[in-house]
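Student: This is the structure, below, for whatever I ask next.
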Amino acid sequence: MMRHGRFLLLLGALAAFVVVSCVQSELSWAARDASPSLERQMTRLPCIAVGNLSTYVRSGGLEFMCTSLYDVPGGYCYYFTTGVSFWGGIE
Amino acid sequence: MRRARNLVKYSLDCIQRYRTRTLVVLICLAISTALFSSVAFVKDGLVKEGALSLKYSPDITIQAISSGRQTTIDTSLIPQYRSAYAVVSVTPRIWGYGNIGNILIVVVGVDLNVLNAGQDAYPLESGSFLSKAAPNAIVIGKGLAEVTGAKAGSILTMITESVEERQYTVAGIFDSESSIYDADMVLMGMEAAADFLGVPSGQATDLAVDLISTQDRNVQVLAARGLSEFPNTRVLTKSVILDAQEVIYGDRSGFISLTWAFILISASIVAFNQTVVVGHESRFEVGLLKSLGFSTSDIIFIRLVESTIIGALAGSLGLAAAIVFDSFLNAPVIREFMLGWAVIYPGFQVPVHISAGTVLFAYAITIVPLLFATVIPAWLNATVDPDIAMRGAQA
């Protein structure tokens, strides 16, 4: 078994690295979730500073594209403008 | 116990003996796992960040619609909305887009009358937060500060929507930890924002509605239905936004996940092929083992252990590579793909969530197909009579 030690050690080390990274990531997200974020609380925008299809949330690039190129009835931007409207049933 | 130990030892010997097969399977599976997990970690991080922002967003947002497009909403309608079912408060908001040169920014108006937290409470890297004493001051995101070279105290000139020049004093700059949320953000007083975005008096970008219960989805649905009755109104619930975000990032990650699925299938075929080839070679070995007293279940156990170890090693290797790629190298290529249309600012740290679910899933789908691809041929070999197996292998 000893001559396989190096092989098993590599497996153990890699698995340990993955597990430690996973635990650390989960803990840091849990901590972030628990601590209040004042600027989000104040602005209340439900989005992050990256692209999104919904015009409700931030979508600088899409807005730019809509206003410059594709803003025609029934077209690309019309679809996204009305794309995320209220829906849902009572559970 | 001793028997099991010896069988495991023999399995490890097999891994080394069939080195070429081990390497081929290991490399194929490790690449497919790395590809899948690196995308999944970034996707999970983006959804988590979105959900974190959503936590503070209003239960319902009301927008005005004119000719099928969003327009500013009349704030004189607030009392009517307030009287709707389950509504506790309705707050007008002013926010929108602007440009500094060719840089797109998000301008958000803040009600300076309701600032009640201390200056230290805000996540600022430098300077101070907005105050009533300085109505022309702004607080900007770190990304924007890096691009424009602005510092706390700098004067920033911006062109308003009505093409007029305005000068603002940069009061403070948000820190890098909050940059995923505010990298492109400019916070200013409500009146200054209305002036910048050309929102007329008595109008707002949208209305933020808080309900009596933020958790009960039925209350949300009923309230939204009630509010939808108002003319020229579009109602968005918090859950709709979250669903939309998950779908968007899920779709984007789907492209790469599909590629990953093809790679995984290819890896399984390669593993199966290698096992069949090696299986022919090892048929003699199986016959010999059986003639020495090894049972069929022992041989299957050996292959089971062998596959589990190779699968676990490939999974760990792929996952470790994905973690290094995402966390330390900031996910090049994937980052541009997943972040979509955004204007990416320098120093933007991609959110990474190494979730236990994704890790377990990656391990499961690395090990299980390999088990099928190796154990079945081994079982077929092991059920053959040892004499025939040895003669067949030699033939």
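Residue numbering restarts at 1 in every chain; chains get A, B, ... in the order shown in the structure tokens, and ligands count up from 1 in that same order.
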Show me, as a PyMOL selection string, the residues that have an atom within 12 Å of range 156-169 of chain B when counting only C-alpha atoms, minus same-chain residues fewer than 6 positions from it.
Tutor: chain B and resi 96-105+107+127-130+134-140+144-145+148-150+186-189+192-200
Student: Limited to N, CA and C atoms, could you put the picked residues into a file as a short mmCIF file (atom, residue, chain, number, x, y, z; two decimals), in the first residue's frame?
Tutor:
```cif
data_model
loop_
_atom_site.label_atom_id
_atom_site.label_comp_id
_atom_site.auth_asym_id
_atom_site.auth_seq_id
_atom_site.Cartn_x
_atom_site.Cartn_y
_atom_site.Cartn_z
N GLY B 96 -31.93 56.01 -13.55
CA GLY B 96 -31.88 55.81 -15.00
C GLY B 96 -30.44 55.75 -15.48
N TYR B 97 -30.28 55.87 -16.77
CA TYR B 97 -28.94 55.74 -17.35
C TYR B 97 -28.41 57.07 -17.83
N GLY B 98 -27.12 57.15 -17.90
CA GLY B 98 -26.48 58.35 -18.41
C GLY B 98 -25.14 57.99 -19.01
N ASN B 99 -24.44 58.97 -19.48
CA ASN B 99 -23.11 58.73 -20.07
C ASN B 99 -22.09 59.71 -19.54
N ILE B 100 -20.89 59.21 -19.38
CA ILE B 100 -19.75 60.12 -19.21
C ILE B 100 -18.81 59.72 -20.34
N GLY B 101 -18.74 60.55 -21.36
CA GLY B 101 -18.00 60.16 -22.55
C GLY B 101 -18.71 58.95 -23.16
N ASN B 102 -17.97 57.88 -23.37
CA ASN B 102 -18.61 56.69 -23.91
C ASN B 102 -18.88 55.63 -22.83
N ILE B 103 -18.85 56.08 -21.59
CA ILE B 103 -19.07 55.14 -20.49
C ILE B 103 -20.52 55.24 -20.03
N LEU B 104 -21.16 54.10 -19.97
CA LEU B 104 -22.55 54.09 -19.50
C LEU B 104 -22.59 54.06 -17.97
N ILE B 105 -23.42 54.88 -17.40
CA ILE B 105 -23.51 54.91 -15.94
C ILE B 105 -24.96 54.73 -15.51
N VAL B 107 -27.55 56.20 -12.87
CA VAL B 107 -27.75 57.32 -11.94
C VAL B 107 -28.92 56.97 -11.02
N GLY B 127 -13.45 59.39 1.03
CA GLY B 127 -14.44 60.48 1.05
C GLY B 127 -15.58 60.21 2.01
N SER B 128 -16.68 60.89 1.77
CA SER B 128 -17.84 60.76 2.67
C SER B 128 -19.10 60.54 1.84
N PHE B 129 -20.20 60.24 2.54
CA PHE B 129 -21.46 59.97 1.84
C PHE B 129 -22.22 61.27 1.57
N LEU B 130 -23.32 61.14 0.87
CA LEU B 130 -24.14 62.31 0.55
C LEU B 130 -24.72 62.94 1.83
N ALA B 134 -24.79 69.24 1.11
CA ALA B 134 -24.13 69.32 -0.22
C ALA B 134 -25.03 68.66 -1.27
N PRO B 135 -26.06 69.35 -1.74
CA PRO B 135 -27.01 68.73 -2.68
C PRO B 135 -26.42 68.41 -4.05
N ASN B 136 -25.30 69.00 -4.37
CA ASN B 136 -24.70 68.76 -5.69
C ASN B 136 -23.57 67.73 -5.64
N ALA B 137 -23.49 67.04 -4.51
CA ALA B 137 -22.42 66.05 -4.37
C ALA B 137 -22.90 64.70 -4.91
N ILE B 138 -21.93 63.89 -5.31
CA ILE B 138 -22.27 62.54 -5.78
C ILE B 138 -21.32 61.52 -5.13
N VAL B 139 -21.79 60.29 -5.05
CA VAL B 139 -20.93 59.19 -4.62
C VAL B 139 -20.88 58.22 -5.80
N ILE B 140 -19.68 57.81 -6.18
CA ILE B 140 -19.57 56.97 -7.39
C ILE B 140 -18.96 55.60 -7.08
N LEU B 144 -16.20 53.15 -11.92
CA LEU B 144 -16.33 54.44 -12.59
C LEU B 144 -15.17 55.37 -12.20
N ALA B 145 -14.80 55.31 -10.92
CA ALA B 145 -13.69 56.16 -10.44
C ALA B 145 -12.40 55.78 -11.16
N THR B 148 -12.64 57.04 -14.91
CA THR B 148 -12.58 58.50 -15.08
C THR B 148 -11.38 59.13 -14.37
N GLY B 149 -10.76 58.38 -13.49
CA GLY B 149 -9.64 58.91 -12.72
C GLY B 149 -10.09 59.85 -11.61
N ALA B 150 -11.38 59.79 -11.27
CA ALA B 150 -11.91 60.69 -10.24
C ALA B 150 -11.49 60.25 -8.84
N VAL B 186 -23.82 56.02 -9.94
CA VAL B 186 -23.62 57.39 -9.46
C VAL B 186 -24.82 57.72 -8.56
N LEU B 187 -24.54 57.92 -7.29
CA LEU B 187 -25.62 58.28 -6.37
C LEU B 187 -25.64 59.79 -6.20
N MET B 188 -26.81 60.36 -6.26
CA MET B 188 -26.95 61.80 -6.03
C MET B 188 -28.29 62.07 -5.37
N GLY B 189 -28.51 63.27 -4.94
CA GLY B 189 -29.79 63.62 -4.32
C GLY B 189 -30.94 63.43 -5.31
N ALA B 192 -31.35 66.36 -7.75
CA ALA B 192 -30.25 66.38 -8.73
C ALA B 192 -30.46 65.28 -9.78
N ALA B 193 -30.92 64.12 -9.33
CA ALA B 193 -31.14 63.00 -10.26
C ALA B 193 -32.27 63.33 -11.23
N ALA B 194 -33.35 63.94 -10.70
CA ALA B 194 -34.48 64.33 -11.56
C ALA B 194 -34.02 65.34 -12.60
N ASP B 195 -33.17 66.25 -12.18
CA ASP B 195 -32.64 67.26 -13.10
C ASP B 195 -31.76 66.60 -14.16
N PHE B 196 -30.90 65.68 -13.71
CA PHE B 196 -29.98 65.02 -14.65
C PHE B 196 -30.73 64.18 -15.68
N LEU B 197 -31.73 63.44 -15.21
CA LEU B 197 -32.44 62.52 -16.10
C LEU B 197 -33.62 63.16 -16.82
N GLY B 198 -33.89 64.41 -16.50
CA GLY B 198 -34.98 65.12 -17.16
C GLY B 198 -36.35 64.61 -16.75
N VAL B 199 -36.46 64.16 -15.50
CA VAL B 199 -37.76 63.69 -15.00
C VAL B 199 -38.54 64.91 -14.49
N PRO B 200 -39.71 65.21 -15.07
CA PRO B 200 -40.45 66.40 -14.66
C PRO B 200 -40.93 66.32 -13.21
#
```
Student: Considering only C-alpha atoms, give me a table of residues in range 8-98 of chain B that are at most 12 Å from range 7-12 of chain A, with the closest atom pair and distance in Å for each, as a Markdown table.
Tutor:
```
| residue | atom | partner | partner_atom | distance |
| --- | --- | --- | --- | --- |
| B:Val8 | CA | A:Leu8 | CA | 11.7 |
| B:Lys9 | CA | A:Leu8 | CA | 11.3 |
| B:Leu12 | CA | A:Phe7 | CA | 8.9 |
| B:Asp13 | CA | A:Phe7 | CA | 11.0 |
| B:Ile15 | CA | A:Phe7 | CA | 10.0 |
| B:Gln16 | CA | A:Phe7 | CA | 9.6 |
```
Student: Quick one: residues within 9 Å of Val209 in chain B, only C-alpha atoms counted, chain neighbours fewer than 5 positions away excluded, as a PyMOL selection string?
Tutor: chain B and resi 58-62+81-82+87-92
Student: Let me make sure I understand: among B:Ile78, B:Leu380, B:Leu23, B:Ile94, which one has the smallest atom-to-atom distance to chain A if we use only C-alpha atoms?
Tutor: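 Result for the nearest residue to chain A: B:Ile94.
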Student: Could you check how far CA of Tyr56 in chain B sits from CA of Met42 in chain A, in Å to one decimal?
Tutor: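 Spanning CA of Tyr56 in chain B to CA of Met42 in chain A is a straight-line distance of 8.3 Å.
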Student: Give the answer as one residue: which of B:Tyr122, B:Phe328, B:Phe174, B:Phe36 has the shortest atom-to-atom distance to chain A, using only C-alpha atoms?
Tutor: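 Checking each of B:Tyr122, B:Phe328, B:Phe174, B:Phe36 against chain A, counting only C-alpha atoms, the winner is B:Tyr122.
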Student: Need to verify the contact set: Ala320 in chain B, 10 Å, only C-alpha atoms, exclusion of same-chain residues closer than 5 positions in sequence. Can you return it as a PyMOL selection string?
Tutor: (chain A and resi 14-19+21) or (chain B and resi 30+33-34+37-38+314-315+325-326)
Student: Which residue gives the smallest distance to Thr374 in chain B among B:Leu7, B:Val25, B:Ala133, B:Leu222, with only C-alpha atoms counted?
Tutor: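 Under the stated criterion, the closest residue is B:Val25.
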Student: Just checking: using only C-alpha atoms, which residue out of B:Arg19, B:Lys238, B:Arg3, B:Arg303 ends up closest to chain A?
Tutor: B:Lys238
Student: One number please: CA of Trp95 in chain B to CA of Gly202 in chain B, in Å, one decimal.
Tutor: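 Answer for the CA of Trp95 in chain B to CA of Gly202 in chain B separation: 14.6 Å.
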Student: Check the DSSP output for the backbone and give back, as a PyMOL selection string, the residues of range 95-245 of chain B in helix (DSSP H, G or I).
Tutor: chain B and resi 112-114+119-121+142-148+176-182+190-197+217-228+238-245
Student: Would you output that residue set with N, CA and C atoms, as a CSV table (one decimal), in the first residue's frame?
Tutor:
```csv
chain,number,residue,atom,x,y,z
B,112,LEU,N,-32.4,62.6,0.4
B,112,LEU,CA,-31.4,63.0,1.4
B,112,LEU,C,-32.1,63.3,2.8
B,113,ASN,N,-33.4,63.3,2.8
B,113,ASN,CA,-34.1,63.6,4.0
B,113,ASN,C,-34.2,62.3,4.9
B,114,VAL,N,-34.0,61.2,4.3
B,114,VAL,CA,-34.1,59.9,5.1
B,114,VAL,C,-32.8,59.2,5.4
B,119,GLN,N,-21.9,58.2,8.8
B,119,GLN,CA,-21.1,58.2,7.6
B,119,GLN,C,-20.2,56.9,7.5
B,120,ASP,N,-19.9,56.4,8.7
B,120,ASP,CA,-19.0,55.2,8.6
B,120,ASP,C,-19.7,53.9,8.2
B,121,ALA,N,-21.1,54.0,8.2
B,121,ALA,CA,-21.8,52.8,7.9
B,121,ALA,C,-21.8,52.4,6.4
B,142,LYS,N,-16.5,52.3,-7.6
B,142,LYS,CA,-15.0,52.2,-7.8
B,142,LYS,C,-14.6,52.0,-9.3
B,143,GLY,N,-15.5,51.3,-10.0
B,143,GLY,CA,-15.2,51.0,-11.4
B,143,GLY,C,-15.2,52.3,-12.2
B,144,LEU,N,-16.2,53.1,-11.9
B,144,LEU,CA,-16.3,54.4,-12.6
B,144,LEU,C,-15.2,55.4,-12.2
B,145,ALA,N,-14.8,55.3,-10.9
B,145,ALA,CA,-13.7,56.2,-10.4
B,145,ALA,C,-12.4,55.8,-11.2
B,146,GLU,N,-12.2,54.5,-11.4
B,146,GLU,CA,-11.0,54.0,-12.0
B,146,GLU,C,-10.9,54.5,-13.5
B,147,VAL,N,-12.1,54.4,-14.2
B,147,VAL,CA,-12.1,54.8,-15.6
B,147,VAL,C,-12.0,56.3,-15.8
B,148,THR,N,-12.6,57.0,-14.9
B,148,THR,CA,-12.6,58.5,-15.1
B,148,THR,C,-11.4,59.1,-14.4
B,176,SER,N,-14.1,48.5,-3.3
B,176,SER,CA,-14.1,47.4,-4.3
B,176,SER,C,-15.0,46.2,-3.9
B,177,GLU,N,-15.2,46.0,-2.6
B,177,GLU,CA,-16.0,44.8,-2.2
B,177,GLU,C,-17.4,44.9,-2.7
B,178,SER,N,-17.9,46.2,-2.8
B,178,SER,CA,-19.3,46.4,-3.2
B,178,SER,C,-19.4,46.6,-4.7
B,179,SER,N,-18.3,46.5,-5.4
B,179,SER,CA,-18.3,46.9,-6.9
B,179,SER,C,-19.2,46.1,-7.8
B,180,ILE,N,-19.5,44.9,-7.4
B,180,ILE,CA,-20.4,44.1,-8.2
B,180,ILE,C,-21.8,44.8,-8.3
B,181,TYR,N,-22.1,45.5,-7.2
B,181,TYR,CA,-23.4,46.2,-7.2
B,181,TYR,C,-23.3,47.6,-7.7
B,182,ASP,N,-22.2,48.3,-7.4
B,182,ASP,CA,-22.2,49.7,-7.6
B,182,ASP,C,-21.0,50.2,-8.5
B,190,MET,N,-32.1,63.3,-4.8
B,190,MET,CA,-33.3,63.0,-5.6
B,190,MET,C,-33.5,64.1,-6.6
B,191,GLU,N,-33.4,65.4,-6.2
B,191,GLU,CA,-33.7,66.5,-7.1
B,191,GLU,C,-32.6,66.6,-8.2
B,192,ALA,N,-31.4,66.4,-7.7
B,192,ALA,CA,-30.3,66.4,-8.7
B,192,ALA,C,-30.5,65.3,-9.8
B,193,ALA,N,-30.9,64.1,-9.3
B,193,ALA,CA,-31.1,63.0,-10.3
B,193,ALA,C,-32.3,63.3,-11.2
B,194,ALA,N,-33.4,63.9,-10.7
B,194,ALA,CA,-34.5,64.3,-11.6
B,194,ALA,C,-34.0,65.3,-12.6
B,195,ASP,N,-33.2,66.2,-12.2
B,195,ASP,CA,-32.6,67.3,-13.1
B,195,ASP,C,-31.8,66.6,-14.2
B,196,PHE,N,-30.9,65.7,-13.7
B,196,PHE,CA,-30.0,65.0,-14.6
B,196,PHE,C,-30.7,64.2,-15.7
B,197,LEU,N,-31.7,63.4,-15.2
B,197,LEU,CA,-32.4,62.5,-16.1
B,197,LEU,C,-33.6,63.2,-16.8
B,217,ARG,N,-46.0,34.5,-0.7
B,217,ARG,CA,-46.1,34.7,-2.1
B,217,ARG,C,-47.5,35.0,-2.5
B,218,ASN,N,-48.5,34.4,-1.8
B,218,ASN,CA,-49.9,34.6,-2.2
B,218,ASN,C,-50.3,36.1,-2.0
B,219,VAL,N,-49.8,36.7,-0.9
B,219,VAL,CA,-50.1,38.1,-0.6
B,219,VAL,C,-49.5,38.9,-1.8
B,220,GLN,N,-48.3,38.6,-2.2
B,220,GLN,CA,-47.6,39.3,-3.3
B,220,GLN,C,-48.4,39.2,-4.6
B,221,VAL,N,-48.9,38.0,-4.9
B,221,VAL,CA,-49.7,37.7,-6.1
B,221,VAL,C,-51.0,38.5,-6.1
B,222,LEU,N,-51.7,38.4,-4.9
B,222,LEU,CA,-53.0,39.1,-4.8
B,222,LEU,C,-52.8,40.6,-4.9
B,223,ALA,N,-51.8,41.1,-4.2
B,223,ALA,CA,-51.5,42.6,-4.3
B,223,ALA,C,-51.2,43.0,-5.7
B,224,ALA,N,-50.4,42.2,-6.3
B,224,ALA,CA,-50.0,42.5,-7.7
B,224,ALA,C,-51.2,42.5,-8.6
B,225,ARG,N,-52.0,41.6,-8.4
B,225,ARG,CA,-53.3,41.5,-9.3
B,225,ARG,C,-54.1,42.8,-9.1
B,226,GLY,N,-54.2,43.2,-7.8
B,226,GLY,CA,-55.0,44.4,-7.5
B,226,GLY,C,-54.4,45.6,-8.1
B,227,LEU,N,-53.1,45.7,-8.0
B,227,LEU,CA,-52.4,46.9,-8.6
B,227,LEU,C,-52.4,46.9,-10.1
B,228,SER,N,-52.5,45.7,-10.7
B,228,SER,CA,-52.5,45.6,-12.2
B,228,SER,C,-53.8,46.1,-12.8
B,238,LYS,N,-41.2,40.8,-6.7
B,238,LYS,CA,-39.9,40.4,-6.4
B,238,LYS,C,-39.5,39.1,-7.0
B,239,SER,N,-40.5,38.2,-6.8
B,239,SER,CA,-40.2,36.8,-7.3
B,239,SER,C,-40.1,36.7,-8.8
B,240,VAL,N,-40.8,37.5,-9.5
B,240,VAL,CA,-40.7,37.5,-11.0
B,240,VAL,C,-39.2,37.9,-11.4
B,241,ILE,N,-38.7,38.9,-10.7
B,241,ILE,CA,-37.4,39.4,-11.0
B,241,ILE,C,-36.3,38.3,-10.7
B,242,LEU,N,-36.5,37.6,-9.6
B,242,LEU,CA,-35.6,36.6,-9.2
B,242,LEU,C,-35.6,35.4,-10.2
B,243,ASP,N,-36.9,35.1,-10.6
B,243,ASP,CA,-37.0,34.0,-11.6
B,243,ASP,C,-36.3,34.4,-12.9
B,244,ALA,N,-36.5,35.7,-13.3
B,244,ALA,CA,-35.9,36.2,-14.6
B,244,ALA,C,-34.4,36.1,-14.5
B,245,GLN,N,-33.9,36.5,-13.4
B,245,GLN,CA,-32.4,36.5,-13.2
B,245,GLN,C,-31.9,35.1,-13.3
```
